[in-house]
file protein21.csv (CSV, C-alpha atoms and all ligand atoms)
chain,number,residue,atom,x,y,z
A,1,MET,CA,125.0,127.9,76.6
A,2,VAL,CA,121.7,126.0,76.3
A,3,LEU,CA,122.0,122.2,76.2
A,4,ILE,CA,119.7,120.8,73.5
A,5,ILE,CA,118.8,117.2,73.9
A,6,SER,CA,117.1,116.3,70.7
A,7,ASP,CA,114.7,113.4,70.4
A,8,ASP,CA,117.4,111.5,68.4
A,9,ILE,CA,119.4,110.9,71.5
A,10,SER,CA,116.7,110.8,74.1
A,11,PRO,CA,115.5,107.4,75.3
A,12,PRO,CA,112.9,105.7,73.0
A,13,ILE,CA,109.4,107.1,73.6
A,14,THR,CA,106.2,106.8,71.7
A,15,ARG,CA,104.5,109.5,69.7
A,16,ASN,CA,101.7,109.6,72.2
A,17,VAL,CA,104.1,110.1,75.1
A,18,LEU,CA,106.0,112.7,73.2
A,19,SER,CA,102.9,114.9,73.0
A,20,ASN,CA,102.7,114.8,76.9
A,21,LYS,CA,103.7,118.1,78.4
A,22,ALA,CA,106.4,118.2,80.9
A,23,THR,CA,105.0,118.5,84.4
A,24,ILE,CA,107.7,120.8,85.6
A,25,THR,CA,108.1,123.9,83.4
A,26,PRO,CA,110.3,127.1,83.6
A,27,GLU,CA,107.2,128.8,85.2
A,28,SER,CA,107.1,126.3,88.1
A,29,SER,CA,108.5,127.5,91.4
A,30,LEU,CA,111.3,125.5,93.0
A,31,ASN,CA,108.9,124.4,95.6
A,32,GLU,CA,106.3,123.2,93.1
A,33,ALA,CA,109.0,121.4,91.1
A,34,TRP,CA,110.4,119.5,94.1
A,35,ASN,CA,107.0,118.7,95.4
A,36,GLU,CA,106.2,117.2,92.0
A,37,VAL,CA,109.4,115.1,91.8
A,38,LEU,CA,109.1,113.8,95.4
A,39,SER,CA,105.4,113.0,95.0
A,40,GLU,CA,106.4,110.8,92.0
A,41,VAL,CA,108.9,109.0,94.2
A,42,ARG,CA,106.2,108.4,96.8
A,43,LYS,CA,103.8,107.0,94.2
A,44,ALA,CA,106.5,104.5,93.1
A,45,THR,CA,106.4,102.8,96.5
A,46,SER,CA,102.7,101.8,96.1
A,47,GLU,CA,102.2,101.6,92.3
A,48,ALA,CA,103.7,98.5,90.9
A,49,GLN,CA,103.9,99.9,87.4
A,50,HIS,CA,105.4,103.2,88.3
A,51,PRO,CA,108.7,103.8,86.4
A,52,PHE,CA,110.5,105.1,89.5
A,53,ARG,CA,109.8,101.7,91.2
A,54,PHE,CA,112.9,100.1,89.5
A,55,VAL,CA,115.9,102.3,90.3
A,56,THR,CA,119.6,101.9,89.6
A,57,LEU,CA,121.7,101.7,92.8
A,58,ALA,CA,125.4,102.5,92.5
A,59,THR,CA,128.0,101.6,95.1
A,60,VAL,CA,131.8,101.7,95.2
A,61,ASP,CA,133.7,98.5,95.4
A,62,LYS,CA,137.1,97.8,97.1
A,63,LEU,CA,139.0,98.8,94.0
A,64,ASN,CA,137.1,102.1,93.9
A,65,SER,CA,135.2,101.1,90.8
A,66,PRO,CA,131.5,102.0,90.5
A,67,GLN,CA,129.1,99.1,90.6
A,68,GLN,CA,125.5,99.4,89.5
A,69,ARG,CA,122.4,97.2,89.6
A,70,MET,CA,118.6,97.5,89.5
A,71,VAL,CA,116.7,97.4,92.7
A,72,VAL,CA,113.1,97.9,93.8
A,73,LEU,CA,112.2,101.1,95.7
A,74,ARG,CA,110.3,99.8,98.8
A,75,ASP,CA,109.7,103.0,100.7
A,76,PHE,CA,110.4,106.7,100.7
A,77,ASN,CA,109.7,109.0,103.7
A,78,GLY,CA,108.8,111.9,101.4
A,79,GLN,CA,112.0,113.8,102.2
A,80,SER,CA,115.3,112.1,102.0
A,81,GLU,CA,115.2,108.5,103.2
A,82,PHE,CA,114.9,105.6,100.7
A,83,LEU,CA,114.4,101.9,101.5
A,84,ILE,CA,115.5,98.8,99.6
A,85,TYR,CA,115.3,95.1,100.4
A,86,SER,CA,118.2,92.8,99.7
A,87,ASP,CA,120.2,89.7,100.6
A,88,SER,CA,122.8,90.4,103.2
A,89,ARG,CA,125.3,88.1,101.5
A,90,SER,CA,125.2,89.9,98.2
A,91,HIS,CA,128.2,91.9,96.9
A,92,LYS,CA,126.5,95.2,97.2
A,93,ILE,CA,126.1,94.8,101.0
A,94,GLY,CA,129.9,94.2,101.4
A,95,GLU,CA,130.5,97.2,99.2
A,96,ILE,CA,128.2,99.5,101.3
A,97,LEU,CA,129.7,98.3,104.6
A,98,ASN,CA,133.2,99.2,103.2
A,99,ASN,CA,132.0,102.5,101.7
A,100,HIS,CA,128.7,104.1,102.6
A,101,SER,CA,128.6,106.4,99.6
A,102,VAL,CA,125.8,105.4,97.2
A,103,SER,CA,123.8,106.9,94.4
A,104,LEU,CA,120.3,106.2,93.0
A,105,LEU,CA,119.2,107.0,89.5
A,106,PHE,CA,115.5,107.2,88.5
A,107,TYR,CA,114.0,107.9,85.1
A,108,HIS,CA,110.3,108.5,84.2
A,109,PRO,CA,110.0,108.0,80.4
A,110,GLU,CA,106.5,109.5,80.1
A,111,LYS,CA,107.3,112.6,82.1
A,112,ARG,CA,110.8,112.6,80.8
A,113,LEU,CA,112.1,113.2,84.3
A,114,GLN,CA,115.4,112.1,85.7
A,115,LEU,CA,116.2,112.1,89.4
A,116,ARG,CA,119.7,111.6,90.7
A,117,VAL,CA,120.3,111.0,94.4
A,118,THR,CA,123.6,110.8,96.3
A,119,GLY,CA,123.8,109.8,99.9
A,120,SER,CA,124.9,107.4,102.6
A,121,ALA,CA,123.6,103.9,103.1
A,122,ALA,CA,123.2,101.8,106.2
A,123,ILE,CA,122.5,98.1,106.3
A,124,ILE,CA,120.0,96.7,108.8
A,125,THR,CA,120.1,92.9,109.5
A,126,SER,CA,118.1,92.7,112.8
A,127,GLY,CA,115.5,94.5,114.9
A,128,ASP,CA,111.8,95.1,115.0
A,129,GLU,CA,111.6,97.0,111.7
A,130,LEU,CA,113.3,94.2,109.8
A,131,GLN,CA,111.2,91.6,111.5
A,132,LYS,CA,107.9,93.3,110.7
A,133,LEU,CA,108.9,93.9,107.0
A,134,TRP,CA,110.0,90.3,106.7
A,135,GLU,CA,106.7,89.0,108.0
A,136,LYS,CA,104.7,91.4,105.8
A,137,TYR,CA,106.6,91.0,102.5
A,138,GLY,CA,109.7,88.9,102.5
A,139,SER,CA,108.3,85.7,103.9
A,140,LYS,CA,105.4,85.7,101.4
A,141,SER,CA,107.7,84.6,98.6
A,142,PRO,CA,109.0,81.0,99.1
A,143,HIS,CA,112.5,81.4,97.8
A,144,LEU,CA,113.4,85.0,98.6
A,145,TYR,CA,116.7,85.5,100.3
A,146,THR,CA,117.0,81.8,101.2
A,147,SER,CA,119.3,80.3,98.5
A,148,VAL,CA,121.8,77.9,100.0
A,149,LEU,CA,124.7,79.4,97.9
A,150,PRO,CA,125.2,83.1,98.5
A,151,PRO,CA,124.3,85.4,95.6
A,152,GLY,CA,127.3,85.9,93.3
A,153,THR,CA,128.7,82.4,93.9
A,154,GLU,CA,130.2,80.9,90.7
A,155,ILE,CA,128.5,77.7,89.6
A,156,SER,CA,129.0,75.3,86.7
A,157,ASN,CA,125.2,75.0,85.9
A,158,PRO,CA,122.2,77.3,86.7
A,159,THR,CA,120.4,74.4,88.5
A,160,GLU,CA,123.1,74.4,91.3
A,161,ALA,CA,121.6,77.6,92.5
A,162,TYR,CA,118.1,76.2,93.1
A,163,HIS,CA,118.5,74.9,96.6
A,164,TRP,CA,116.8,76.7,99.5
A,165,GLN,CA,117.2,76.8,103.2
A,166,SER,CA,114.5,77.3,105.8
A,167,LYS,CA,112.9,80.7,106.1
A,168,GLU,CA,114.5,81.1,109.5
A,169,LYS,CA,117.9,81.3,107.8
A,170,ALA,CA,116.8,83.9,105.3
A,171,ALA,CA,119.4,86.6,104.6
A,172,PHE,CA,116.8,89.3,104.3
A,173,CYS,CA,118.2,92.8,105.0
A,174,LEU,CA,117.3,96.5,104.5
A,175,ILE,CA,119.4,99.1,102.8
A,176,LYS,CA,118.4,102.5,104.1
A,177,ILE,CA,119.7,105.5,102.1
A,178,GLU,CA,119.8,108.9,103.6
A,179,ALA,CA,120.2,111.4,100.7
A,180,ASP,CA,122.5,114.4,101.1
A,181,LYS,CA,121.9,115.7,97.5
A,182,MET,CA,119.2,115.3,94.9
A,183,GLU,CA,119.1,116.6,91.4
A,184,PHE,CA,116.3,116.5,88.8
A,185,LEU,CA,116.4,117.1,85.1
A,186,GLN,CA,113.0,117.7,83.3
A,187,LEU,CA,113.4,117.3,79.6
A,188,ASP,CA,111.1,119.5,77.5
A,189,ARG,CA,112.4,120.1,74.0
A,190,ILE,CA,114.7,123.1,74.5
A,191,ASN,CA,113.1,124.4,77.7
A,192,HIS,CA,114.7,121.8,80.0
A,193,THR,CA,114.7,122.5,83.7
A,194,ARG,CA,117.2,121.2,86.2
A,195,ALA,CA,117.5,121.8,90.0
A,196,VAL,CA,119.5,120.6,92.9
A,197,LYS,CA,118.5,120.1,96.5
A,198,ILE,CA,121.1,119.9,99.3
A,199,ILE,CA,120.0,118.1,102.4
A,200,GLN,CA,122.9,118.2,104.8
A,201,LYS,CA,122.7,118.6,108.6
A,202,ASP,CA,124.3,122.1,108.5
A,203,LYS,CA,123.1,123.1,105.0
A,204,LYS,CA,119.7,122.9,103.3
A,205,ALA,CA,119.2,124.6,100.0
A,206,THR,CA,117.4,124.3,96.6
A,207,ARG,CA,118.7,126.0,93.5
A,208,TRP,CA,118.0,126.0,89.7
A,209,ILE,CA,120.9,125.0,87.6
A,210,VAL,CA,121.7,125.1,83.9
A,211,PRO,CA,120.5,121.9,82.2
B,301,LIG,C1,114.1,94.7,87.9
B,301,LIG,C2,115.0,94.2,88.9
B,301,LIG,C3,114.8,94.5,90.3
B,301,LIG,C4,115.7,94.0,91.2
B,301,LIG,N1,115.4,94.3,92.5
B,301,LIG,C5,116.3,94.0,93.5
B,301,LIG,C6,116.1,94.4,94.8
B,301,LIG,O1,115.2,95.0,95.2
B,301,LIG,N2,117.1,94.0,95.7
B,301,LIG,C7,118.2,93.3,95.4
B,301,LIG,O2,119.0,93.0,96.2
B,301,LIG,N3,118.4,92.9,94.1
B,301,LIG,C8,117.5,93.2,93.1
B,301,LIG,N4,117.7,92.9,91.8
B,301,LIG,C9,118.9,92.1,91.5
B,301,LIG,C10,120.1,93.0,91.4
B,301,LIG,O3,120.0,93.8,90.3
B,301,LIG,C11,121.4,92.3,91.3
B,301,LIG,O4,121.5,91.4,90.2
B,301,LIG,C12,121.7,91.4,92.6
B,301,LIG,O5,121.1,92.0,93.7
B,301,LIG,C13,123.1,91.1,92.8
B,301,LIG,O6,123.8,92.4,92.9
B,301,LIG,P1,125.2,92.6,93.6
B,301,LIG,O7,126.1,91.4,93.2
B,301,LIG,O8,125.7,93.9,93.1
B,301,LIG,O9,125.0,92.6,95.1
B,301,LIG,C14,116.8,93.3,90.8
B,301,LIG,C15,117.1,93.1,89.5
B,301,LIG,C16,116.2,93.5,88.5
B,301,LIG,C17,116.5,93.2,87.1
call {"tool": "encode", "arguments": {"input": "protein21.csv", "output": "structure tokens", "more": "lines below"}}
Ligand SMILES: Cc1cc2nc3c(=O)[nH]c(=O)nc-3n(C[C@H](O)[C@H](O)[C@H](O)COP(=O)(O)O)c2cc1C
result
Amino acid sequence: MVLIISDDISPPITRNVLSNKATITPESSLNEAWNEVLSEVRKATSEAQHPFRFVTLATVDKLNSPQQRMVVLRDFNGQSEFLIYSDSRSHKIGEILNNHSVSLLFYHPEKRLQLRVTGSAAIITSGDELQKLWEKYGSKSPHLYTSVLPPGTEISNPTEAYHWQSKEKAAFCLIKIEADKMEFLQLDRINHTRAVKIIQKDKKATRWIVP
């Protein structure tokens, strides 16, 4: 069975964009296809306007319910490691400490390319790497990660949130995600292409799969 995703149910895209050809085609090799996908992820870490820069991070809460939110992709090692900055007091950090399983979801509307990542997340709250990144990026913004009230605190008025502590008390932390599985879907009228990449210690494989 061939899944047909018509333009009626695809995310909104302009006529100009629709005429763009998919970068990954049925003629691409698995290697070419994955190189293309991973190079888009790399670009997102340096190009502010890249659509992969904002990514949905899903975690699992204490009641086993999925929780999702947008985050900024800060770094990618080209293979399987993704880096996000956050506030160590935010709910997502507690969820990750309780359950390391996470998922990332990317979508590039012009290329009509979806990337789904599952893996395990670690939280980094101290050390050289954190310190260097804080000095380079975090401390540049005056109110980043320094709210007096922790993120998610219920308040009676928005202005109650606008109190800041000193930068020394910033709750800056890193979320490092090590992927164990990635899957892309390239939409292209009826010639969609989809492939999976397994990146486990004892198993590494790439395969085409039915869209
Ligand atoms: C476009 C966009 C980018 C965001 N980037 C981040 C980010 O990089 N890190 C982060 O912790 N929160 C980021 N947020 C805020 C989160 O989506 C979320 O609202 C907040 O972190 C609280 O989430 P939590 O209660 O699940 O921990 C971003 C929100 C938007 C809309």
call {"tool": "residues_around", "arguments": {"input": "protein21.csv", "residues": "region 103-109 of chain A", "least_positions_apart": "5", "cutoff": "8 Å", "atoms": "all atoms listed in the file", "output": "list of chain:residue names"}}
result
A:Pro11, A:Ile13, A:Pro51, A:Phe52, A:Phe54, A:Val55, A:Thr56, A:Leu57, A:Ala58, A:Thr59, A:Gln114, A:Leu115, A:Arg116, A:Val117, A:Thr118, A:Gly119
call {"tool": "atom_distance", "arguments": {"input": "protein21.csv", "atom1": "CA of Ile24 (chain A)", "atom2": "atom C17 of ligand LIG 301 (chain B)"}}
result
29.0 Å
call {"tool": "residues_near_ligand", "arguments": {"input": "protein21.csv", "ligand": "ligand LIG 301 (chain B)", "cutoff": "6 Å", "atoms": "only C-alpha atoms and all ligand atoms", "output": "list in words"}}
result
Phe54, Arg69, Met70, Val71, Val72, Ile84, Tyr85, Ser86, Asp87, Ser90, His91, Lys92 and Gly152 of chain A
call {"tool": "closest_residue", "arguments": {"input": "protein21.csv", "among": "A:Glu47, A:His143, A:Asn191, A:Ile177", "to": "Trp164 (chain A)", "atoms": "all atoms listed in the file"}}
result
A:His143
call {"tool": "atom_distance", "arguments": {"input": "protein21.csv", "atom1": "CA of Ile124 (chain A)", "atom2": "CA of Ser65 (chain A)"}}
result
24.0 Å
call {"tool": "closest_atom_pairs", "arguments": {"input": "protein21.csv", "of": "region 93-205 of chain A", "to": "region 29-43 of chain A", "cutoff": "10 Å", "atoms": "only C-alpha atoms", "output": "CSV"}}
result
residue,atom,partner,partner_atom,distance
A:Phe106,CA,A:Val41,CA,8.9
A:His108,CA,A:Glu40,CA,9.0
A:Leu113,CA,A:Val37,CA,8.2
A:Gln114,CA,A:Val37,CA,9.1
A:Leu115,CA,A:Val37,CA,7.8
A:Met182,CA,A:Trp34,CA,9.8
A:Glu183,CA,A:Trp34,CA,9.6
A:Phe184,CA,A:Val37,CA,7.7
A:Leu185,CA,A:Val37,CA,9.9
A:Gln186,CA,A:Ala33,CA,9.5
A:Thr193,CA,A:Ala33,CA,9.4
A:Arg194,CA,A:Ala33,CA,9.6
A:Ala195,CA,A:Leu30,CA,7.8
A:Val196,CA,A:Trp34,CA,9.2
A:Lys197,CA,A:Trp34,CA,8.5
call {"tool": "closest_residue", "arguments": {"input": "protein21.csv", "among": "A:Ser120, A:Gln200, A:Thr125, A:Thr206", "to": "Arg89 (chain A)", "atoms": "all atoms listed in the file"}}
result
A:Thr125
call {"tool": "residues_near_point", "arguments": {"input": "protein21.csv", "point": "(113.5, 90.7, 110.4)", "cutoff": "10 Å", "atoms": "only C-alpha atoms", "output": "list of chain:residue names"}}
result
A:Ile124, A:Thr125, A:Ser126, A:Gly127, A:Asp128, A:Glu129, A:Leu130, A:Gln131, A:Lys132, A:Leu133, A:Trp134, A:Glu135, A:Lys136, A:Gly138, A:Ser139, A:Glu168, A:Ala170, A:Ala171, A:Phe172, A:Cys173, A:Leu174
call {"tool": "closest_residue", "arguments": {"input": "protein21.csv", "among": "A:Arg53, A:Lys176, A:His192, A:Lys203", "to": "Ile93 (chain A)", "atoms": "all atoms listed in the file"}}
result
A:Lys176
call {"tool": "atom_distance", "arguments": {"input": "protein21.csv", "atom1": "CA of Thr153 (chain A)", "atom2": "CA of Asp75 (chain A)"}}
result
28.8 Å
call {"tool": "closest_residue", "arguments": {"input": "protein21.csv", "among": "A:Leu149, A:Ile175, A:Ala121, A:Val102", "to": "Gln68 (chain A)", "atoms": "all atoms listed in the file"}}
result
A:Val102
call {"tool": "closest_residue", "arguments": {"input": "protein21.csv", "among": "A:Arg74, A:Phe82, A:Ser101, A:Ile190", "to": "Tyr137 (chain A)", "atoms": "only C-alpha atoms"}}
result
A:Arg74
call {"tool": "closest_residue", "arguments": {"input": "protein21.csv", "among": "A:Thr159, A:Gln49, A:Gln67, A:Thr25", "to": "Gly94 (chain A)", "atoms": "all atoms listed in the file"}}
result
A:Gln67
